[in-house]
>>> print(open('run39.pdb').read())   # PDB, C-alpha atoms, pLDDT in the B column
ATOM      1  CA  ILE A   1       0.000   0.000   0.000  1.00 83.00           C
ATOM      2  CA  VAL A   2       2.702   2.494   1.021  1.00 93.00           C
ATOM      3  CA  LEU A   3       6.477   2.617   0.945  1.00 95.00           C
ATOM      4  CA  GLY A   4       8.347   3.390   4.157  1.00 95.00           C
ATOM      5  CA  THR A   5      10.294   6.533   3.249  1.00 96.00           C
ATOM      6  CA  GLY A   6      13.113   5.610   5.633  1.00 95.00           C
ATOM      7  CA  PHE A   7      14.247   2.719   3.430  1.00 95.00           C
ATOM      8  CA  ARG A   8      16.110   4.867   0.885  1.00 96.00           C
ATOM      9  CA  PRO A   9      17.107   8.507   0.295  1.00 97.00           C
ATOM     10  CA  PRO A  10      14.023  10.544  -0.620  1.00 98.00           C
ATOM     11  CA  ALA A  11      15.448  11.920  -3.882  1.00 98.00           C
ATOM     12  CA  LEU A  12      16.178   8.355  -4.992  1.00 97.00           C
ATOM     13  CA  THR A  13      12.604   7.376  -4.100  1.00 98.00           C
ATOM     14  CA  ALA A  14      11.352  10.232  -6.287  1.00 97.00           C
ATOM     15  CA  LYS A  15      13.552   9.162  -9.203  1.00 96.00           C
ATOM     16  CA  MET A  16      12.464   5.523  -8.887  1.00 96.00           C
ATOM     17  CA  ALA A  17       8.798   6.541  -8.703  1.00 96.00           C
ATOM     18  CA  SER A  18       9.134   8.739 -11.776  1.00 94.00           C
ATOM     19  CA  THR A  19      10.752   5.897 -13.705  1.00 94.00           C
ATOM     20  CA  LEU A  20       8.090   3.427 -12.608  1.00 94.00           C
ATOM     21  CA  ASP A  21       5.336   5.871 -13.552  1.00 92.00           C
ATOM     22  CA  GLU A  22       6.856   6.164 -17.029  1.00 90.00           C
ATOM     23  CA  ILE A  23       6.941   2.373 -17.410  1.00 91.00           C
ATOM     24  CA  ALA A  24       3.358   2.129 -16.112  1.00 90.00           C
ATOM     25  CA  ASN A  25       2.070   4.732 -18.595  1.00 88.00           C
ATOM     26  CA  GLY A  26       1.128   7.170 -15.855  1.00 89.00           C
ATOM     27  CA  ARG A  27      -0.783   4.727 -13.638  1.00 91.00           C
ATOM     28  CA  LEU A  28       1.360   4.892 -10.490  1.00 93.00           C
ATOM     29  CA  ILE A  29      -0.160   6.046  -7.229  1.00 94.00           C
ATOM     30  CA  LEU A  30       2.825   6.736  -4.969  1.00 96.00           C
ATOM     31  CA  GLY A  31       1.988   5.489  -1.487  1.00 97.00           C
ATOM     32  CA  LEU A  32       4.223   6.857   1.267  1.00 98.00           C
ATOM     33  CA  GLY A  33       4.359   6.282   5.011  1.00 96.00           C
ATOM     34  CA  THR A  34       6.675   6.595   7.993  1.00 96.00           C
ATOM     35  CA  GLY A  35       7.133   2.837   8.289  1.00 93.00           C
ATOM     36  CA  TRP A  36       6.070   0.888  11.349  1.00 90.00           C
ATOM     37  CA  HIS A  37       7.792  -2.513  11.714  1.00 91.00           C
ATOM     38  CA  GLU A  38      10.850  -1.863  13.883  1.00 94.00           C
ATOM     39  CA  PRO A  39      12.400  -5.350  13.454  1.00 94.00           C
ATOM     40  CA  GLU A  40      12.605  -4.690   9.708  1.00 91.00           C
ATOM     41  CA  TYR A  41      14.464  -1.443  10.328  1.00 94.00           C
ATOM     42  CA  ARG A  42      16.855  -3.141  12.747  1.00 95.00           C
ATOM     43  CA  ALA A  43      17.486  -6.035  10.365  1.00 96.00           C
ATOM     44  CA  PHE A  44      18.539  -3.743   7.518  1.00 95.00           C
ATOM     45  CA  GLY A  45      20.274  -1.068   9.600  1.00 96.00           C
ATOM     46  CA  TYR A  46      17.795   1.743   8.932  1.00 95.00           C
ATOM     47  CA  PRO A  47      17.210   4.364  11.649  1.00 96.00           C
ATOM     48  CA  PHE A  48      13.844   4.044  13.408  1.00 96.00           C
ATOM     49  CA  ASP A  49      13.983   7.235  15.484  1.00 96.00           C
ATOM     50  CA  HIS A  50      12.193  10.511  14.683  1.00 97.00           C
ATOM     51  CA  ARG A  51      10.054   8.849  12.037  1.00 96.00           C
ATOM     52  CA  ALA A  52       7.600  11.755  11.721  1.00 96.00           C
ATOM     53  CA  GLY A  53      10.404  14.314  11.387  1.00 97.00           C
ATOM     54  CA  ARG A  54      12.244  12.190   8.835  1.00 98.00           C
ATOM     55  CA  PHE A  55       8.971  11.668   6.966  1.00 97.00           C
ATOM     56  CA  GLU A  56       8.284  15.401   6.868  1.00 98.00           C
ATOM     57  CA  GLU A  57      11.660  16.111   5.282  1.00 98.00           C
ATOM     58  CA  ALA A  58      11.225  13.220   2.862  1.00 98.00           C
ATOM     59  CA  LEU A  59       7.900  14.631   1.653  1.00 98.00           C
ATOM     60  CA  GLU A  60       9.471  18.070   1.215  1.00 98.00           C
ATOM     61  CA  ILE A  61      11.892  16.464  -1.238  1.00 98.00           C
ATOM     62  CA  ILE A  62       9.848  13.736  -2.930  1.00 97.00           C
ATOM     63  CA  VAL A  63       6.645  15.602  -3.723  1.00 96.00           C
ATOM     64  CA  PRO A  64       8.168  18.674  -5.402  1.00 96.00           C
ATOM     65  CA  LEU A  65      10.600  16.504  -7.378  1.00 95.00           C
ATOM     66  CA  ILE A  66       7.888  14.301  -8.869  1.00 94.00           C
ATOM     67  CA  ARG A  67       5.945  17.466  -9.721  1.00 92.00           C
ATOM     68  CA  GLY A  68       8.851  18.682 -11.832  1.00 91.00           C
ATOM     69  CA  GLU A  69      10.314  21.229  -9.421  1.00 94.00           C
ATOM     70  CA  ARG A  70      13.890  21.840  -8.322  1.00 96.00           C
ATOM     71  CA  VAL A  71      14.524  21.228  -4.637  1.00 98.00           C
ATOM     72  CA  THR A  72      17.120  22.490  -2.176  1.00 98.00           C
ATOM     73  CA  LEU A  73      16.747  21.386   1.423  1.00 98.00           C
ATOM     74  CA  LYS A  74      19.221  21.524   4.282  1.00 97.00           C
ATOM     75  CA  GLY A  75      17.369  19.402   6.799  1.00 96.00           C
ATOM     76  CA  ARG A  76      18.200  17.636  10.013  1.00 97.00           C
ATOM     77  CA  TRP A  77      18.215  14.242   8.278  1.00 97.00           C
ATOM     78  CA  HIS A  78      18.238  14.954   4.548  1.00 97.00           C
ATOM     79  CA  ASP A  79      20.156  17.375   2.323  1.00 96.00           C
ATOM     80  CA  VAL A  80      19.612  18.017  -1.367  1.00 98.00           C
ATOM     81  CA  GLU A  81      20.980  20.902  -3.397  1.00 98.00           C
ATOM     82  CA  ASP A  82      19.271  22.056  -6.578  1.00 98.00           C
ATOM     83  CA  ALA A  83      17.969  18.525  -7.140  1.00 97.00           C
ATOM     84  CA  VAL A  84      15.844  17.917 -10.224  1.00 96.00           C
ATOM     85  CA  LEU A  85      14.615  14.824 -12.027  1.00 94.00           C
ATOM     86  CA  ILE A  86      16.114  14.428 -15.503  1.00 92.00           C
ATOM     87  CA  PRO A  87      14.364  13.470 -17.637  1.00 87.00           C
ATOM     88  CA  ALA A  88      11.432  15.405 -16.217  1.00 85.00           C
ATOM     89  CA  PRO A  89       8.490  13.357 -14.926  1.00 80.00           C
ATOM     90  CA  PRO A  90       5.628  14.355 -17.280  1.00 70.00           C
ATOM     91  CA  ARG A  91       2.791  11.885 -17.629  1.00 70.00           C
ATOM     92  CA  PRO A  92       1.734  10.581 -21.032  1.00 60.00           C
ATOM     93  CA  ALA A  93      -0.949  12.610 -22.784  1.00 57.00           C
ATOM     94  CA  ARG A  94      -3.532   9.873 -22.222  1.00 55.00           C
ATOM     95  CA  MET A  95      -3.008  10.094 -18.421  1.00 58.00           C
ATOM     96  CA  PRO A  96      -2.936  13.842 -17.711  1.00 63.00           C
ATOM     97  CA  GLY A  97      -2.293  15.329 -14.304  1.00 74.00           C
ATOM     98  CA  ARG A  98       0.305  14.692 -11.684  1.00 85.00           C
ATOM     99  CA  MET A  99       1.303  11.466  -9.971  1.00 92.00           C
ATOM    100  CA  PRO A 100      -1.059  11.030  -6.988  1.00 94.00           C
ATOM    101  CA  ILE A 101       0.495  10.863  -3.523  1.00 96.00           C
ATOM    102  CA  LEU A 102      -1.238   8.548  -1.049  1.00 97.00           C
ATOM    103  CA  VAL A 103      -0.217   8.748   2.628  1.00 98.00           C
ATOM    104  CA  ALA A 104      -1.072   6.226   5.327  1.00 95.00           C
ATOM    105  CA  ALA A 105      -1.440   8.096   8.605  1.00 94.00           C
ATOM    106  CA  LYS A 106      -3.239   8.125  11.925  1.00 93.00           C
ATOM    107  CA  GLY A 107      -1.227  10.346  14.299  1.00 93.00           C
ATOM    108  CA  GLU A 108      -1.866  14.087  14.530  1.00 96.00           C
ATOM    109  CA  ARG A 109       1.496  15.195  13.115  1.00 96.00           C
ATOM    110  CA  VAL A 110       1.468  12.847  10.122  1.00 97.00           C
ATOM    111  CA  LEU A 111      -2.184  13.630   9.422  1.00 98.00           C
ATOM    112  CA  ARG A 112      -1.177  17.306   9.180  1.00 98.00           C
ATOM    113  CA  LEU A 113       1.483  16.274   6.654  1.00 98.00           C
ATOM    114  CA  THR A 114      -1.188  14.280   4.800  1.00 98.00           C
ATOM    115  CA  ALA A 115      -3.384  17.369   4.616  1.00 98.00           C
ATOM    116  CA  ARG A 116      -0.432  19.419   3.375  1.00 97.00           C
ATOM    117  CA  TRP A 117       0.946  17.079   0.698  1.00 97.00           C
ATOM    118  CA  ALA A 118      -1.310  14.137  -0.169  1.00 97.00           C
ATOM    119  CA  ASP A 119      -3.926  13.526  -2.825  1.00 96.00           C
ATOM    120  CA  ALA A 120      -5.254  10.458  -0.991  1.00 97.00           C
ATOM    121  CA  TRP A 121      -5.265   9.126   2.571  1.00 98.00           C
ATOM    122  CA  ASN A 122      -5.246   5.513   3.704  1.00 97.00           C
ATOM    123  CA  ALA A 123      -6.515   4.055   6.957  1.00 95.00           C
ATOM    124  CA  ALA A 124      -6.088   0.365   7.807  1.00 93.00           C
ATOM    125  CA  TRP A 125      -6.916  -2.338   8.860  1.00 92.00           C
ATOM    126  CA  PHE A 126     -10.660  -2.926   8.983  1.00 95.00           C
ATOM    127  CA  GLY A 127     -13.478  -5.316   8.206  1.00 95.00           C
ATOM    128  CA  PHE A 128     -16.670  -3.281   8.131  1.00 97.00           C
ATOM    129  CA  PRO A 129     -16.427   0.463   8.780  1.00 97.00           C
ATOM    130  CA  ASP A 130     -16.408   1.047  12.523  1.00 97.00           C
ATOM    131  CA  GLU A 131     -15.969   3.710  15.198  1.00 96.00           C
ATOM    132  CA  ARG A 132     -12.191   3.498  14.888  1.00 96.00           C
ATOM    133  CA  PHE A 133     -12.434   4.452  11.208  1.00 97.00           C
ATOM    134  CA  ALA A 134     -14.927   7.223  11.992  1.00 97.00           C
ATOM    135  CA  GLN A 135     -12.538   8.688  14.570  1.00 97.00           C
ATOM    136  CA  ARG A 136      -9.562   8.526  12.217  1.00 97.00           C
ATOM    137  CA  ARG A 137     -11.555  10.192   9.472  1.00 97.00           C
ATOM    138  CA  ALA A 138     -12.637  12.904  11.916  1.00 98.00           C
ATOM    139  CA  ASP A 139      -8.976  13.389  12.840  1.00 98.00           C
ATOM    140  CA  LEU A 140      -8.143  13.839   9.145  1.00 98.00           C
ATOM    141  CA  VAL A 141     -10.846  16.496   8.849  1.00 98.00           C
ATOM    142  CA  THR A 142      -9.350  18.297  11.852  1.00 98.00           C
ATOM    143  CA  ALA A 143      -5.890  18.130  10.252  1.00 98.00           C
ATOM    144  CA  CYS A 144      -7.252  19.508   6.977  1.00 98.00           C
ATOM    145  CA  GLU A 145      -8.908  22.386   8.798  1.00 97.00           C
ATOM    146  CA  ALA A 146      -5.641  23.154  10.595  1.00 97.00           C
ATOM    147  CA  GLU A 147      -3.841  23.240   7.222  1.00 97.00           C
ATOM    148  CA  GLY A 148      -6.562  25.299   5.534  1.00 98.00           C
ATOM    149  CA  ARG A 149      -7.525  22.507   3.162  1.00 97.00           C
ATOM    150  CA  ASP A 150     -10.921  21.264   2.044  1.00 98.00           C
ATOM    151  CA  PRO A 151     -11.211  17.687   3.419  1.00 97.00           C
ATOM    152  CA  GLY A 152     -13.261  16.773   0.348  1.00 96.00           C
ATOM    153  CA  SER A 153     -10.187  17.287  -1.835  1.00 96.00           C
ATOM    154  CA  ILE A 154      -8.468  14.188  -0.395  1.00 97.00           C
ATOM    155  CA  GLU A 155      -9.502  10.762  -1.664  1.00 97.00           C
ATOM    156  CA  ILE A 156     -10.246   8.337   1.181  1.00 97.00           C
ATOM    157  CA  THR A 157      -8.924   4.775   0.921  1.00 97.00           C
ATOM    158  CA  ALA A 158      -9.069   1.893   3.386  1.00 97.00           C
ATOM    159  CA  GLY A 159      -7.259  -1.373   3.903  1.00 95.00           C
ATOM    160  CA  ILE A 160      -9.535  -4.286   4.765  1.00 94.00           C
ATOM    161  CA  THR A 161      -8.643  -7.759   5.992  1.00 91.00           C
ATOM    162  CA  ILE A 162     -10.426 -10.892   4.819  1.00 91.00           C
ATOM    163  CA  ASP A 163      -9.956 -13.806   7.267  1.00 84.00           C
ATOM    164  CA  ASN A 164      -7.246 -13.839   9.897  1.00 68.00           C
ATOM    165  CA  GLU A 165      -4.411 -15.400   7.921  1.00 66.00           C
ATOM    166  CA  ALA A 166      -3.257 -11.879   7.066  1.00 55.00           C
ATOM    167  CA  ALA A 167      -1.953 -11.670  10.635  1.00 58.00           C
ATOM    168  CA  ALA A 168       0.543 -14.500  10.079  1.00 61.00           C
ATOM    169  CA  GLY A 169       4.208 -13.575  10.214  1.00 61.00           C
ATOM    170  CA  GLY A 170       3.707 -10.237  11.947  1.00 62.00           C
ATOM    171  CA  ARG A 171       1.597  -8.643   9.220  1.00 65.00           C
ATOM    172  CA  PRO A 172      -1.163  -6.305  10.400  1.00 69.00           C
ATOM    173  CA  ALA A 173      -4.775  -7.420  10.412  1.00 71.00           C
ATOM    174  CA  ALA A 174      -8.137  -5.921  11.228  1.00 77.00           C
ATOM    175  CA  PRO A 175      -9.382  -6.392  14.793  1.00 81.00           C
ATOM    176  CA  ALA A 176     -12.726  -7.457  13.264  1.00 85.00           C
ATOM    177  CA  PHE A 177     -11.684  -9.025   9.972  1.00 89.00           C
ATOM    178  CA  LEU A 178     -14.136 -10.191   7.330  1.00 93.00           C
ATOM    179  CA  PRO A 179     -14.834 -13.887   6.891  1.00 91.00           C
ATOM    180  CA  SER A 180     -14.181 -15.482   3.497  1.00 90.00           C
ATOM    181  CA  ASP A 181     -17.863 -15.209   2.600  1.00 93.00           C
ATOM    182  CA  PRO A 182     -18.699 -13.463  -0.699  1.00 95.00           C
ATOM    183  CA  ASP A 183     -21.994 -12.066   0.595  1.00 97.00           C
ATOM    184  CA  VAL A 184     -20.366 -10.549   3.688  1.00 96.00           C
ATOM    185  CA  ILE A 185     -17.519  -9.133   1.636  1.00 96.00           C
ATOM    186  CA  ALA A 186     -19.998  -7.597  -0.831  1.00 97.00           C
ATOM    187  CA  ARG A 187     -21.925  -5.963   2.042  1.00 98.00           C
ATOM    188  CA  ALA A 188     -18.686  -4.587   3.460  1.00 98.00           C
ATOM    189  CA  LEU A 189     -17.644  -3.144   0.100  1.00 98.00           C
ATOM    190  CA  ASP A 190     -21.073  -1.519  -0.210  1.00 98.00           C
ATOM    191  CA  ALA A 191     -20.643  -0.019   3.269  1.00 98.00           C
ATOM    192  CA  TRP A 192     -17.230   1.434   2.405  1.00 98.00           C
ATOM    193  CA  ARG A 193     -18.569   2.830  -0.876  1.00 97.00           C
ATOM    194  CA  ASP A 194     -21.519   4.418   0.925  1.00 97.00           C
ATOM    195  CA  LEU A 195     -19.070   6.271   3.192  1.00 96.00           C
ATOM    196  CA  GLY A 196     -17.412   7.785   0.143  1.00 96.00           C
ATOM    197  CA  VAL A 197     -14.313   5.610   0.254  1.00 97.00           C
ATOM    198  CA  GLY A 198     -12.788   5.652  -3.232  1.00 91.00           C
ATOM    199  CA  ARG A 199     -10.611   2.528  -3.029  1.00 94.00           C
ATOM    200  CA  VAL A 200      -9.992  -0.400  -0.752  1.00 96.00           C
ATOM    201  CA  GLN A 201      -6.893  -2.580  -0.484  1.00 93.00           C
ATOM    202  CA  VAL A 202      -7.704  -6.162   0.443  1.00 91.00           C
TER     203      VAL A 202
END
>>> encode(input="run39.pdb", output="structure tokens")
Amino acid sequence: IVLGTGFRPPALTAKMASTLDEIANGRLILGLGTGWHEPEYRAFGYPFDHRAGRFEEALEIIVPLIRGERVTLKGRWHDVEDAVLIPAPPRPARMPGRMPILVAAKGERVLRLTARWADAWNAAWFGFPDERFAQRRADLVTACEAEGRDPGSIEITAGITIDNEAAAGGRPAAPAFLPSDPDVIARALDAWRDLGVGRVQV
């Protein structure tokens, strides 16, 4: 769903995303997040501290670069000087517009960053919509208001879990996952659609 921005330098992430978008004929939705699974960070030697601060700087580099801008940033964790993507990242004529940025977030600080930079927001993991989702969506609205942004301008997406095998091996799962029953799954998808959710990841 989203790429942990701490796994590689942000300018490299932007270049890789631009290349992938070119190969995909302008179909890439770039999902970004702070990362969450500390053992993975430890295993590969990536820093796990100050994830929100590192994420903020990463967004300040990645988003302008994939929108064709030049970026100079002297940050606490990241430095770029007059960085630009060459070749430029225009989308093919049949897929106009910019590459969408999707951010997975639930904390106040990262939700503010979502409101500032993202085209779409992801909440996970769920079965049917519940109070936890309602609260997170309300928190996004609050973040948008704090950033002076119309909450309706951000696409809402949700990750849903079908049966509990998704929890194997440390992967996240919904507290109230959906059973592997087509009728129940169809009702859940209807419920998400009725809330205005544009996409689900299963």
>>> atom_distance(input="run39.pdb", atom1="atom CA of Thr13 of chain A", atom2="atom CA of Ile61 of chain A")
9.6 Å
>>> resolve_selection(input="run39.pdb", expression="the PyMOL selection byres ((chain A and resi 9) around 10)", output="number ranges by chain")
A: 5-8, 10-14, 58, 61-62, 77-80
>>> resolve_selection(input="run39.pdb", expression="the PyMOL selection byres ((chain A and resi 143-146) around 8)", output="list in words")
Glu108, Leu111, Arg112, Ala115, Arg116, Asp139, Leu140, Val141, Thr142, Glu147, Gly148, Arg149, Asp150 and Pro151 of chain A
>>> write_last_selection(input="run39.pdb", atoms="C-alpha atoms", output="mmCIF file, in the coordinates of the input")
data_model
loop_
_atom_site.group_PDB
_atom_site.id
_atom_site.type_symbol
_atom_site.label_atom_id
_atom_site.label_comp_id
_atom_site.auth_asym_id
_atom_site.auth_seq_id
_atom_site.Cartn_x
_atom_site.Cartn_y
_atom_site.Cartn_z
ATOM 1 C CA GLU A 108 -1.866 14.087 14.530
ATOM 2 C CA LEU A 111 -2.184 13.630 9.422
ATOM 3 C CA ARG A 112 -1.177 17.306 9.180
ATOM 4 C CA ALA A 115 -3.384 17.369 4.616
ATOM 5 C CA ARG A 116 -0.432 19.419 3.375
ATOM 6 C CA ASP A 139 -8.976 13.389 12.840
ATOM 7 C CA LEU A 140 -8.143 13.839 9.145
ATOM 8 C CA VAL A 141 -10.846 16.496 8.849
ATOM 9 C CA THR A 142 -9.350 18.297 11.852
ATOM 10 C CA GLU A 147 -3.841 23.240 7.222
ATOM 11 C CA GLY A 148 -6.562 25.299 5.534
ATOM 12 C CA ARG A 149 -7.525 22.507 3.162
ATOM 13 C CA ASP A 150 -10.921 21.264 2.044
ATOM 14 C CA PRO A 151 -11.211 17.687 3.419
#
>>> resolve_selection(input="run39.pdb", expression="the PyMOL selection byres ((chain A and resi 3) around 6)", output="VMD selection string")
chain A and resid 2 4 to 5 31 to 33
>>> write_last_selection(input="run39.pdb", atoms="C-alpha atoms", output="PDB file, keeping the file's coordinate frame")
ATOM      1  CA  VAL A   2       2.702   2.494   1.021  1.00 93.00           C
ATOM      2  CA  GLY A   4       8.347   3.390   4.157  1.00 95.00           C
ATOM      3  CA  THR A   5      10.294   6.533   3.249  1.00 96.00           C
ATOM      4  CA  GLY A  31       1.988   5.489  -1.487  1.00 97.00           C
ATOM      5  CA  LEU A  32       4.223   6.857   1.267  1.00 98.00           C
ATOM      6  CA  GLY A  33       4.359   6.282   5.011  1.00 96.00           C
TER       7      GLY A  33
END
>>> residues_near_point(input="run39.pdb", point="(4.8, 13.7, 10.3)", cutoff="10 Å", atoms="all atoms listed in the file", output="mmCIF file with C-alpha atoms, keeping the file's coordinate frame")
data_model
loop_
_atom_site.group_PDB
_atom_site.id
_atom_site.type_symbol
_atom_site.label_atom_id
_atom_site.label_comp_id
_atom_site.auth_asym_id
_atom_site.auth_seq_id
_atom_site.Cartn_x
_atom_site.Cartn_y
_atom_site.Cartn_z
ATOM 1 C CA GLY A 33 4.359 6.282 5.011
ATOM 2 C CA THR A 34 6.675 6.595 7.993
ATOM 3 C CA HIS A 50 12.193 10.511 14.683
ATOM 4 C CA ARG A 51 10.054 8.849 12.037
ATOM 5 C CA ALA A 52 7.600 11.755 11.721
ATOM 6 C CA GLY A 53 10.404 14.314 11.387
ATOM 7 C CA ARG A 54 12.244 12.190 8.835
ATOM 8 C CA PHE A 55 8.971 11.668 6.966
ATOM 9 C CA GLU A 56 8.284 15.401 6.868
ATOM 10 C CA GLU A 57 11.660 16.111 5.282
ATOM 11 C CA ALA A 58 11.225 13.220 2.862
ATOM 12 C CA LEU A 59 7.900 14.631 1.653
ATOM 13 C CA ALA A 105 -1.440 8.096 8.605
ATOM 14 C CA LYS A 106 -3.239 8.125 11.925
ATOM 15 C CA GLY A 107 -1.227 10.346 14.299
ATOM 16 C CA GLU A 108 -1.866 14.087 14.530
ATOM 17 C CA ARG A 109 1.496 15.195 13.115
ATOM 18 C CA VAL A 110 1.468 12.847 10.122
ATOM 19 C CA LEU A 111 -2.184 13.630 9.422
ATOM 20 C CA ARG A 112 -1.177 17.306 9.180
ATOM 21 C CA LEU A 113 1.483 16.274 6.654
ATOM 22 C CA THR A 114 -1.188 14.280 4.800
#
>>> atom_distance(input="run39.pdb", atom1="atom CA of Arg132 of chain A", atom2="atom CA of Ala176 of chain A")
11.1 Å
>>> closest_residue(input="run39.pdb", among="A:Ile156, A:Gly68, A:Val103, A:Asp130", to="Val200 of chain A", atoms="all atoms listed in the file")
A:Ile156
>>> residues_around(input="run39.pdb", residues="Ile1 of chain A", least_positions_apart="4", cutoff="9 Å", atoms="only C-alpha atoms", output="ChimeraX atom specification")
/A:30-32,102,104,122,159,201
>>> closest_residue(input="run39.pdb", among="A:Met99, A:Glu131, A:Gly35, A:Ala188", to="Pro47 of chain A", atoms="all atoms listed in the file")
A:Gly35
